[in-house]
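A.B. asks: Shown below is the structure under consideration.
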Amino acid sequence: MRNSILSHHETGFIAGTMLKKYLLVFSLGFLSLGLLSNAPLASKQQIGMFKNSKTCVVFEDGISFYNAYIKDAVQKYWKYTNYEFIDQKEFEKRRTDSKYTFIVLMEGAYDKDPGGVSYRYINLVLGDVSGNLTRMPEYCSIPLSYSGDNGVDYEYVVPVIIKFMQIHIKNLEKNRFSMSLNGLKYYNKTGYNDKVLLLNKDKMASNADSPEKIKTIYPYVVKLMTAEEIQKELATGPPNTLFHFHVGPPQDAGAGKCFEMIFDIDGNLYYYHFRKITNDNPDGFNLKDFNNII
């Protein structure tokens, strides 16, 4: 849809430090904002407006698998507001109207990202009378993939993101100030001793890519699995289970940022962290991440 980095990713929240200018282009069906100014976090009043809005789920041109995933997840799990599926042309008509909220796929790059690597986010925003995409009040943004990734290995996380958005809105109503300071790190928890942690074995850093290495820091139960195996496991509704979701650039990029998230199947976020990738601190969930959650 749109290349957008949302407002507070540098504090772990809705988006990172946004760029100072924006350029509107079309690419692969995305309404691309290559360079952006900060999108505002929804005010208390705008948070209150959410429950009376109609939520428009915006389909992507040319990304049929994303449309299928988001449609299925919303139909099964979206309970907070009335909703409707719309295309990008209809989004252009409605984006100035604050009686609508939108679940949209946005895309953008950090202004400090060394390689200019851009990422896609699922965002929840409110229509804004200005018609300026960078001013649409934002409720939530979750990184989904880097922009060059045309794979489909995020299918298992989309339903959980839809559940999380609804939890997040309720928390914003009560704790907006604290959440604006801490961002998505507001949710970070420790002490997973009674949980099974499913880890994507293809998204682990080299210092944490085996049970033996993980045990040096993290003593609790883990399972190293492929994305497909995680999806199958989650489909059984396993109790006391958490799972890892990773977003990062291609392996040969040598630059960019990676995002590490841990959810449960009910949409609760247990861990959110992002960092710059360097030669000394390569991509993937690493021992420092394990140290953060024990």
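Residue names in the structure tokens use chain letters A, B, ... in the order shown, residue numbers from 1 in each chain, and ligand numbers from 1 in the order shown.
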With only C-alpha atoms as the counted atoms, please give the residues lying no more than 9 Å from His273 in chain A, apart from itself and same-chain residues fewer than 3 positions off, as a PyMOL selection string.

C.D. replies: chain A and resi 12+184-185+188+258-261+289

A.B. asks: At a cut-off of 8 Å, can you tabulate as a tab-separated table every residue of range 111-183 of chain A near range 53-76 of chain A together with its closest atom pair and the distance in Å to one decimal, using only C-alpha atoms and ordering rows by chain then number?

C.D. replies:
```
residue	atom	partner	partner_atom	distance
A:Val152	CA	A:Phe65	CA	7.3
A:Glu155	CA	A:Tyr69	CA	6.3
A:Val158	CA	A:Ile70	CA	6.6
A:Pro159	CA	A:Ala73	CA	4.7
A:Ile162	CA	A:Val74	CA	6.7
```

A.B. asks: Using C-alpha atoms, can you write the selected residues to a file as a compact mmCIF listing (two decimals), in the first residue's frame?

C.D. replies:
```txt
# COMPACT_ATOMS: atom_id res chain seq x y z
CA VAL A 152 4.76 -15.98 2.59
CA GLU A 155 0.99 -16.20 7.54
CA VAL A 158 -1.30 -12.18 10.87
CA PRO A 159 -4.20 -13.56 12.99
CA ILE A 162 -5.29 -8.68 14.38
```

A.B. asks: Would you mind listing what lies within 10 Å of Gly48 in chain A as a ChimeraX atom specification, with only C-alpha atoms counted and same-chain residues fewer than 3 positions away left out?

C.D. replies: /A:42-45,51-53,169-170,172-173

A.B. asks: Just C-alpha atoms for this one: save the residues we selected as a tab-separated table (two decimals), in the first residue's frame.

C.D. replies:
```
chain	number	residue	atom	x	y	z
A	42	ALA	CA	-3.80	9.22	18.15
A	43	SER	CA	-4.95	11.64	20.86
A	44	LYS	CA	-7.23	10.62	23.72
A	45	GLN	CA	-10.17	12.01	21.79
A	51	LYS	CA	-15.03	2.36	18.81
A	52	ASN	CA	-17.61	4.29	16.77
A	53	SER	CA	-15.66	4.08	13.53
A	169	ILE	CA	-6.56	-0.08	21.51
A	170	LYS	CA	-8.05	-0.95	24.91
A	172	LEU	CA	-4.27	2.95	24.79
A	173	GLU	CA	-7.55	4.12	26.31
```

A.B. asks: Counting only C-alpha atoms, which residue out of A:Tyr119, A:Tyr139, A:Tyr271, A:Tyr83 sits closest to Ile167 in chain A?

C.D. replies: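 Smallest separation from Ile167 in chain A among the options: A:Tyr139.
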
A.B. asks: With distances taken over only C-alpha atoms, which of A:Lys213, A:Ser141, A:Ile103, A:Met225 is nearest to Gly183 in chain A?

C.D. replies: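 Under the stated criterion, the closest residue is A:Ser141.
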
A.B. asks: Please return, as a ChimeraX atom specification, all residues of range 83-294 of chain A that DSSP assigns to alpha helix (DSSP H) on the basis of the backbone.

C.D. replies: /A:88-94,158-182,211-215,227-235,287-293

A.B. asks: Provide the CA of Lys189 in chain A to CA of Tyr272 in chain A distance in Å, to one decimal place.

C.D. replies: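 So the answer is 9.5 Å.
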
A.B. asks: Measuring between only C-alpha atoms, which one of A:Ile277, A:Leu105, A:Ala39, A:Pro282 shows the shortest distance to Asp87 in chain A?

C.D. replies: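 Answer, going by the shortest atom-to-atom distance: A:Leu105.
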
A.B. asks: Identify, on the basis of only C-alpha atoms, every residue whose closest approach to Glu138 in chain A does not exceed 7 Å; exclude the query and any residue fewer than 5 positions from it along the same chain; express the result as a PDB file with C-alpha atoms, in the first residue's frame.

C.D. replies:
```pdb
ATOM      1  CA  ALA A  39       2.785  10.468  11.858  1.00  0.00           C
ATOM      2  CA  PRO A  40       1.037  11.464  15.101  1.00  0.00           C
ATOM      3  CA  LEU A  41      -0.013   9.057  17.778  1.00  0.00           C
ATOM      4  CA  ALA A  42      -3.802   9.217  18.154  1.00  0.00           C
ATOM      5  CA  LEU A 124      -4.147   0.863  12.184  1.00  0.00           C
ATOM      6  CA  VAL A 125      -4.879   4.539  11.496  1.00  0.00           C
ATOM      7  CA  LEU A 126      -7.727   7.067  11.574  1.00  0.00           C
TER       8      LEU A 126
END
```

A.B. asks: Once DSSP has gone over the backbone, tell me which residues of range 25-240 of chain A are in strand (DSSP E), as an mmCIF file with N, CA and C atoms, in the first residue's frame.

C.D. replies:
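Just written: states_29.cif:
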```
data_model
loop_
_atom_site.group_PDB
_atom_site.id
_atom_site.type_symbol
_atom_site.label_atom_id
_atom_site.label_comp_id
_atom_site.auth_asym_id
_atom_site.auth_seq_id
_atom_site.Cartn_x
_atom_site.Cartn_y
_atom_site.Cartn_z
ATOM 1 N N VAL A 25 4.724 7.907 -4.581
ATOM 2 C CA VAL A 25 4.935 7.123 -5.790
ATOM 3 C C VAL A 25 4.110 5.866 -5.692
ATOM 4 N N PHE A 26 3.933 5.199 -6.815
ATOM 5 C CA PHE A 26 3.241 3.921 -6.809
ATOM 6 C C PHE A 26 4.219 2.823 -7.188
ATOM 7 N N SER A 27 4.215 1.738 -6.401
ATOM 8 C CA SER A 27 5.122 0.636 -6.680
ATOM 9 C C SER A 27 4.522 -0.644 -6.142
ATOM 10 N N PHE A 30 1.702 -0.506 -3.799
ATOM 11 C CA PHE A 30 1.836 0.271 -2.586
ATOM 12 C C PHE A 30 1.722 1.750 -2.917
ATOM 13 N N LEU A 31 0.949 2.471 -2.122
ATOM 14 C CA LEU A 31 0.972 3.913 -2.187
ATOM 15 C C LEU A 31 2.174 4.317 -1.377
ATOM 16 N N SER A 32 3.287 4.581 -2.045
ATOM 17 C CA SER A 32 4.584 4.610 -1.388
ATOM 18 C C SER A 32 4.934 6.003 -0.920
ATOM 19 N N LEU A 33 5.263 6.121 0.360
ATOM 20 C CA LEU A 33 5.798 7.351 0.888
ATOM 21 C C LEU A 33 7.261 7.104 1.185
ATOM 22 N N LYS A 54 -15.967 2.847 11.506
ATOM 23 C CA LYS A 54 -16.023 1.635 10.694
ATOM 24 C C LYS A 54 -14.606 1.349 10.233
ATOM 25 N N THR A 55 -14.143 0.148 10.464
ATOM 26 C CA THR A 55 -12.763 -0.197 10.132
ATOM 27 C C THR A 55 -12.694 -0.771 8.722
ATOM 28 N N CYS A 56 -11.932 -0.097 7.877
ATOM 29 C CA CYS A 56 -11.768 -0.514 6.486
ATOM 30 C C CYS A 56 -10.448 -1.264 6.351
ATOM 31 N N VAL A 57 -10.533 -2.493 5.891
ATOM 32 C CA VAL A 57 -9.350 -3.316 5.677
ATOM 33 C C VAL A 57 -8.966 -3.173 4.212
ATOM 34 N N VAL A 58 -7.797 -2.582 3.978
ATOM 35 C CA VAL A 58 -7.412 -2.191 2.622
ATOM 36 C C VAL A 58 -6.616 -3.310 1.963
ATOM 37 N N ASN A 82 -17.416 -2.573 13.474
ATOM 38 C CA ASN A 82 -17.850 -3.063 12.172
ATOM 39 C C ASN A 82 -16.695 -2.882 11.190
ATOM 40 N N TYR A 83 -16.621 -3.754 10.202
ATOM 41 C CA TYR A 83 -15.510 -3.660 9.259
ATOM 42 C C TYR A 83 -16.000 -3.894 7.840
ATOM 43 N N GLU A 84 -15.140 -3.494 6.913
ATOM 44 C CA GLU A 84 -15.427 -3.647 5.482
ATOM 45 C C GLU A 84 -14.097 -3.814 4.762
ATOM 46 N N PHE A 85 -14.066 -4.638 3.730
ATOM 47 C CA PHE A 85 -12.878 -4.787 2.895
ATOM 48 C C PHE A 85 -12.987 -3.838 1.704
ATOM 49 N N ILE A 86 -11.927 -3.072 1.454
ATOM 50 C CA ILE A 86 -11.946 -2.105 0.360
ATOM 51 C C ILE A 86 -10.652 -2.200 -0.437
ATOM 52 N N TYR A 100 -13.941 6.733 9.552
ATOM 53 C CA TYR A 100 -13.315 5.480 9.156
ATOM 54 C C TYR A 100 -11.963 5.313 9.841
ATOM 55 N N THR A 101 -11.683 4.083 10.249
ATOM 56 C CA THR A 101 -10.323 3.692 10.587
ATOM 57 C C THR A 101 -9.877 2.681 9.542
ATOM 58 N N PHE A 102 -8.572 2.504 9.420
ATOM 59 C CA PHE A 102 -8.040 1.683 8.324
ATOM 60 C C PHE A 102 -6.967 0.729 8.835
ATOM 61 N N ILE A 103 -7.068 -0.511 8.426
ATOM 62 C CA ILE A 103 -5.968 -1.461 8.563
ATOM 63 C C ILE A 103 -5.293 -1.516 7.207
ATOM 64 N N VAL A 104 -4.078 -1.016 7.133
ATOM 65 C CA VAL A 104 -3.399 -0.865 5.849
ATOM 66 C C VAL A 104 -1.963 -1.372 5.959
ATOM 67 N N LEU A 105 -1.440 -1.803 4.852
ATOM 68 C CA LEU A 105 -0.049 -2.230 4.776
ATOM 69 C C LEU A 105 0.776 -1.046 4.294
ATOM 70 N N MET A 106 1.723 -0.606 5.120
ATOM 71 C CA MET A 106 2.563 0.535 4.792
ATOM 72 C C MET A 106 4.002 0.091 4.657
ATOM 73 N N GLU A 107 4.784 0.932 4.017
ATOM 74 C CA GLU A 107 6.162 0.565 3.719
ATOM 75 C C GLU A 107 7.055 1.784 3.859
ATOM 76 N N GLY A 108 8.250 1.591 4.428
ATOM 77 C CA GLY A 108 9.148 2.724 4.536
ATOM 78 C C GLY A 108 10.498 2.348 5.084
ATOM 79 N N ALA A 109 11.430 3.295 5.031
ATOM 80 C CA ALA A 109 12.806 3.079 5.484
ATOM 81 C C ALA A 109 13.158 4.104 6.539
ATOM 82 N N SER A 118 14.008 -0.881 3.496
ATOM 83 C CA SER A 118 12.656 -0.503 3.891
ATOM 84 C C SER A 118 11.871 -1.731 4.318
ATOM 85 N N TYR A 119 10.832 -1.471 5.099
ATOM 86 C CA TYR A 119 10.066 -2.527 5.725
ATOM 87 C C TYR A 119 8.578 -2.296 5.518
ATOM 88 N N ARG A 120 7.817 -3.369 5.623
ATOM 89 C CA ARG A 120 6.365 -3.279 5.550
ATOM 90 C C ARG A 120 5.787 -3.451 6.953
ATOM 91 N N TYR A 121 4.768 -2.663 7.240
ATOM 92 C CA TYR A 121 4.096 -2.693 8.526
ATOM 93 C C TYR A 121 2.595 -2.821 8.321
ATOM 94 N N ILE A 122 1.940 -3.588 9.196
ATOM 95 C CA ILE A 122 0.481 -3.534 9.264
ATOM 96 C C ILE A 122 0.134 -2.426 10.240
ATOM 97 N N ASN A 123 -0.637 -1.447 9.764
ATOM 98 C CA ASN A 123 -0.950 -0.273 10.559
ATOM 99 C C ASN A 123 -2.440 -0.094 10.752
ATOM 100 N N LEU A 124 -2.771 0.505 11.867
ATOM 101 C CA LEU A 124 -4.147 0.863 12.184
ATOM 102 C C LEU A 124 -4.179 2.365 12.380
ATOM 103 N N VAL A 125 -4.888 3.080 11.490
ATOM 104 C CA VAL A 125 -4.879 4.539 11.496
ATOM 105 C C VAL A 125 -6.298 5.076 11.353
ATOM 106 N N LEU A 126 -6.450 6.366 11.665
ATOM 107 C CA LEU A 126 -7.727 7.067 11.574
ATOM 108 C C LEU A 126 -7.711 8.004 10.379
ATOM 109 N N GLU A 138 -2.375 7.657 14.292
ATOM 110 C CA GLU A 138 -2.012 6.251 14.281
ATOM 111 C C GLU A 138 -2.266 5.616 15.642
ATOM 112 N N TYR A 139 -2.834 4.416 15.597
ATOM 113 C CA TYR A 139 -3.086 3.647 16.803
ATOM 114 C C TYR A 139 -2.015 2.577 17.017
ATOM 115 N N CYS A 140 -1.626 1.939 15.936
ATOM 116 C CA CYS A 140 -0.753 0.775 16.093
ATOM 117 C C CYS A 140 -0.040 0.472 14.786
ATOM 118 N N SER A 141 1.176 -0.060 14.898
ATOM 119 C CA SER A 141 1.929 -0.498 13.733
ATOM 120 C C SER A 141 2.821 -1.661 14.129
ATOM 121 N N ILE A 142 2.773 -2.720 13.343
ATOM 122 C CA ILE A 142 3.572 -3.908 13.612
ATOM 123 C C ILE A 142 4.378 -4.250 12.357
ATOM 124 N N PRO A 143 5.706 -4.365 12.467
ATOM 125 C CA PRO A 143 6.502 -4.763 11.300
ATOM 126 C C PRO A 143 6.130 -6.168 10.845
ATOM 127 N N LEU A 144 6.036 -6.336 9.514
ATOM 128 C CA LEU A 144 5.600 -7.609 8.947
ATOM 129 C C LEU A 144 6.679 -8.268 8.099
ATOM 130 N N SER A 145 7.413 -7.472 7.311
ATOM 131 C CA SER A 145 8.461 -8.022 6.459
ATOM 132 C C SER A 145 9.318 -6.882 5.956
ATOM 133 N N TYR A 146 10.480 -7.186 5.406
ATOM 134 C CA TYR A 146 11.202 -6.137 4.693
ATOM 135 C C TYR A 146 10.590 -6.036 3.298
ATOM 136 N N VAL A 196 6.280 -22.698 26.872
ATOM 137 C CA VAL A 196 7.064 -23.275 25.786
ATOM 138 C C VAL A 196 7.262 -22.184 24.739
ATOM 139 N N LEU A 197 8.487 -21.952 24.341
ATOM 140 C CA LEU A 197 8.802 -20.894 23.382
ATOM 141 C C LEU A 197 9.167 -21.516 22.031
ATOM 142 N N LEU A 198 8.344 -21.245 21.022
ATOM 143 C CA LEU A 198 8.609 -21.715 19.669
ATOM 144 C C LEU A 198 9.460 -20.677 18.948
ATOM 145 N N LEU A 199 10.612 -21.088 18.454
ATOM 146 C CA LEU A 199 11.556 -20.175 17.812
ATOM 147 C C LEU A 199 11.715 -20.536 16.347
ATOM 148 N N ASN A 200 11.725 -19.524 15.500
ATOM 149 C CA ASN A 200 11.965 -19.752 14.077
ATOM 150 C C ASN A 200 13.449 -20.027 13.862
ATOM 151 N N VAL A 222 12.386 -24.611 24.904
ATOM 152 C CA VAL A 222 12.325 -23.992 23.587
ATOM 153 C C VAL A 222 12.203 -25.088 22.536
ATOM 154 N N LYS A 223 11.619 -24.714 21.400
ATOM 155 C CA LYS A 223 11.580 -25.593 20.240
ATOM 156 C C LYS A 223 12.045 -24.794 19.033
ATOM 157 N N LEU A 224 13.075 -25.247 18.366
ATOM 158 C CA LEU A 224 13.549 -24.618 17.143
ATOM 159 C C LEU A 224 12.811 -25.247 15.966
ATOM 160 N N MET A 225 12.059 -24.426 15.217
ATOM 161 C CA MET A 225 11.161 -24.941 14.194
ATOM 162 C C MET A 225 11.197 -24.038 12.966
#
```

A.B. asks: Between CA of Val129 in chain A and CA of Trp78 in chain A, what is the spacing in Å?

C.D. replies: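 Here the two named atoms are 25.7 Å from each other.
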
A.B. asks: Go ahead and compute the interatomic distance for CA of Lys203 in chain A and CA of Leu181 in chain A, in Å to one decimal.

C.D. replies: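 Those two atoms sit 28.8 Å apart.
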